[in-house]
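Structure file start20.pdb (PDB, C-alpha atoms, pLDDT in the B column) follows.
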```
MODEL        1
ATOM      1  CA  MET A   1      88.394 225.374 184.932  1.00 71.00           C
ATOM      2  CA  ALA A   2      86.580 225.387 181.622  1.00 94.00           C
ATOM      3  CA  LEU A   3      88.288 225.696 178.278  1.00 97.00           C
ATOM      4  CA  LEU A   4      86.738 227.977 175.680  1.00 96.00           C
ATOM      5  CA  LEU A   5      87.344 226.502 172.234  1.00 96.00           C
ATOM      6  CA  PHE A   6      88.415 228.989 169.587  1.00 95.00           C
ATOM      7  CA  GLY A   7      89.007 226.511 166.824  1.00 94.00           C
ATOM      8  CA  LYS A   8      90.921 223.734 165.171  1.00 94.00           C
ATOM      9  CA  ASP A   9      93.240 223.907 162.198  1.00 93.00           C
ATOM     10  CA  PRO A  10      90.867 224.691 159.302  1.00 90.00           C
ATOM     11  CA  ASN A  11      92.870 222.532 156.876  1.00 91.00           C
ATOM     12  CA  THR A  12      92.492 219.270 158.793  1.00 87.00           C
ATOM     13  CA  ASN A  13      89.728 216.725 159.225  1.00 82.00           C
ATOM     14  CA  GLY A  14      88.786 218.113 162.630  1.00 74.00           C
ATOM     15  CA  ASP A  15      90.263 215.240 164.632  1.00 80.00           C
ATOM     16  CA  ASP A  16      93.613 215.211 166.411  1.00 81.00           C
ATOM     17  CA  CYS A  17      94.759 218.519 164.964  1.00 89.00           C
ATOM     18  CA  PRO A  18      96.228 221.785 166.204  1.00 95.00           C
ATOM     19  CA  THR A  19      93.673 223.534 168.403  1.00 96.00           C
ATOM     20  CA  VAL A  20      93.466 226.755 170.416  1.00 96.00           C
ATOM     21  CA  TRP A  21      91.551 227.361 173.650  1.00 97.00           C
ATOM     22  CA  VAL A  22      91.425 229.955 176.434  1.00 97.00           C
ATOM     23  CA  ASP A  23      91.166 228.829 180.067  1.00 96.00           C
ATOM     24  CA  SER A  24      88.083 230.643 181.377  1.00 93.00           C
ATOM     25  CA  THR A  25      89.520 230.887 184.900  1.00 93.00           C
ATOM     26  CA  SER A  26      93.179 231.813 184.423  1.00 94.00           C
ATOM     27  CA  ALA A  27      92.841 233.377 180.936  1.00 95.00           C
ATOM     28  CA  ASP A  28      95.826 231.264 179.832  1.00 96.00           C
ATOM     29  CA  LEU A  29      96.076 230.254 176.199  1.00 96.00           C
ATOM     30  CA  VAL A  30      96.035 226.487 175.730  1.00 97.00           C
ATOM     31  CA  LEU A  31      97.521 225.290 172.442  1.00 96.00           C
ATOM     32  CA  GLN A  32      97.675 221.854 170.890  1.00 96.00           C
ATOM     33  CA  GLY A  33     100.089 221.522 168.014  1.00 95.00           C
ATOM     34  CA  TRP A  34     102.555 219.259 166.335  1.00 94.00           C
ATOM     35  CA  LYS A  35     105.630 218.267 168.309  1.00 94.00           C
ATOM     36  CA  ALA A  36     108.627 220.128 167.009  1.00 95.00           C
ATOM     37  CA  ASP A  37     111.193 218.096 165.094  1.00 96.00           C
ATOM     38  CA  GLU A  38     114.730 217.683 166.419  1.00 95.00           C
ATOM     39  CA  ALA A  39     116.147 220.504 164.272  1.00 96.00           C
ATOM     40  CA  THR A  40     113.550 222.994 165.528  1.00 96.00           C
ATOM     41  CA  GLU A  41     114.019 221.883 169.113  1.00 96.00           C
ATOM     42  CA  ALA A  42     117.802 222.212 168.743  1.00 96.00           C
ATOM     43  CA  GLU A  43     117.404 225.834 167.609  1.00 96.00           C
ATOM     44  CA  CYS A  44     115.136 226.526 170.578  1.00 96.00           C
ATOM     45  CA  LEU A  45     117.681 224.943 172.915  1.00 97.00           C
ATOM     46  CA  ALA A  46     120.228 227.497 171.698  1.00 96.00           C
ATOM     47  CA  VAL A  47     118.167 230.094 173.598  1.00 95.00           C
ATOM     48  CA  GLY A  48     117.777 228.029 176.754  1.00 95.00           C
ATOM     49  CA  TYR A  49     116.867 224.745 178.388  1.00 96.00           C
ATOM     50  CA  ILE A  50     113.429 223.195 177.767  1.00 96.00           C
ATOM     51  CA  PRO A  51     112.208 221.795 181.105  1.00 96.00           C
ATOM     52  CA  GLY A  52     110.612 218.363 181.178  1.00 94.00           C
ATOM     53  CA  ASP A  53     107.169 219.859 181.836  1.00 96.00           C
ATOM     54  CA  GLU A  54     107.381 222.122 178.766  1.00 95.00           C
ATOM     55  CA  ALA A  55     107.318 221.397 175.033  1.00 95.00           C
ATOM     56  CA  VAL A  56     108.022 223.127 171.761  1.00 96.00           C
ATOM     57  CA  VAL A  57     105.044 222.819 169.422  1.00 95.00           C
ATOM     58  CA  ARG A  58     104.267 224.086 165.942  1.00 94.00           C
ATOM     59  CA  ILE A  59     100.994 225.826 165.149  1.00 95.00           C
ATOM     60  CA  PRO A  60     100.273 226.474 161.448  1.00 94.00           C
ATOM     61  CA  ALA A  61     100.215 230.107 160.313  1.00 95.00           C
ATOM     62  CA  ARG A  62      96.708 229.596 158.938  1.00 95.00           C
ATOM     63  CA  MET A  63      95.537 229.489 162.572  1.00 96.00           C
ATOM     64  CA  VAL A  64      96.673 233.068 163.290  1.00 96.00           C
ATOM     65  CA  PRO A  65      93.088 234.433 163.071  1.00 96.00           C
ATOM     66  CA  LEU A  66      91.915 231.892 165.676  1.00 96.00           C
ATOM     67  CA  ILE A  67      94.882 232.630 167.920  1.00 97.00           C
ATOM     68  CA  ARG A  68      94.256 236.383 167.567  1.00 97.00           C
ATOM     69  CA  LYS A  69      90.649 235.921 168.733  1.00 97.00           C
ATOM     70  CA  ALA A  70      91.828 233.752 171.619  1.00 96.00           C
ATOM     71  CA  CYS A  71      94.440 236.370 172.578  1.00 96.00           C
ATOM     72  CA  ASP A  72      91.760 239.080 172.608  1.00 95.00           C
ATOM     73  CA  GLU A  73      89.562 236.932 174.861  1.00 94.00           C
ATOM     74  CA  ALA A  74      92.468 236.095 177.182  1.00 95.00           C
ATOM     75  CA  GLU A  75      93.427 239.755 177.379  1.00 93.00           C
ATOM     76  CA  GLN A  76      89.881 240.758 178.345  1.00 93.00           C
ATOM     77  CA  ARG A  77      89.536 237.979 180.905  1.00 92.00           C
ATOM     78  CA  ALA A  78      92.887 238.849 182.469  1.00 92.00           C
ATOM     79  CA  GLU A  79      91.950 242.557 182.477  1.00 84.00           C
ATOM     80  CA  LEU A  80      95.165 243.434 180.683  1.00 68.00           C
ATOM     81  CA  ARG A  81      93.606 246.205 178.626  1.00 55.00           C
TER      82      ARG A  81
ENDMDL
END
```
Is it possible to express this structure as structure tokens?
Amino acid sequence: MALLLFGKDPNTNGDDCPTVWVDSTSADLVLQGWKADEATEAECLAVGYIPGDEAVVRIPARMVPLIRKACDEAEQRAELR
């Protein structure tokens, strides 16, 4: 597995910030973001259980262009087009 970096939050110092990658083997999106606060997590729990190996994270809207590029790459790698 190798992760293809698409970018970090452009409004941060570049360290320890929301980041988006694509797994070059599985074509999965890999996202690093802020842990959701209790209120956000509670709203998510209204839809269903959050298993222990899953998390709710927040990614800033300003990262949409990076995520869009990563989605395009993932889609091509997974031959979904």
Close residues, Ala74 of chain A itself excluded, 7 Å, all atoms listed in the file, min 3 positions apart in chain, as a PyMOL selection string | chain A and resi 22+27-29+70-71+77-78
What do you get, as an MDAnalysis selection string, if you spell out every residue that the PyMOL selection byres ((chain A and resi 2-9) around 12) selects here?
-> chainID A and resid 1 10:34 58:74 77
What residues come out when you apply the PyMOL selection byres ((chain A and resi 56) around 8) to this file, written as a ChimeraX atom specification?
-> /A:35-36,41,44,54-55,57-58
Each side padded by 4 Å, which centre and which edge lengths in Å (one decimal) define the axis-aligned box around the listed atoms of segment 63-73 of chain A? Give them as AutoDock Vina command-line options.
```
--center_x 93.1 --center_y 234.3 --center_z 168.7 --size_x 15.1 --size_y 17.6 --size_z 20.3
```
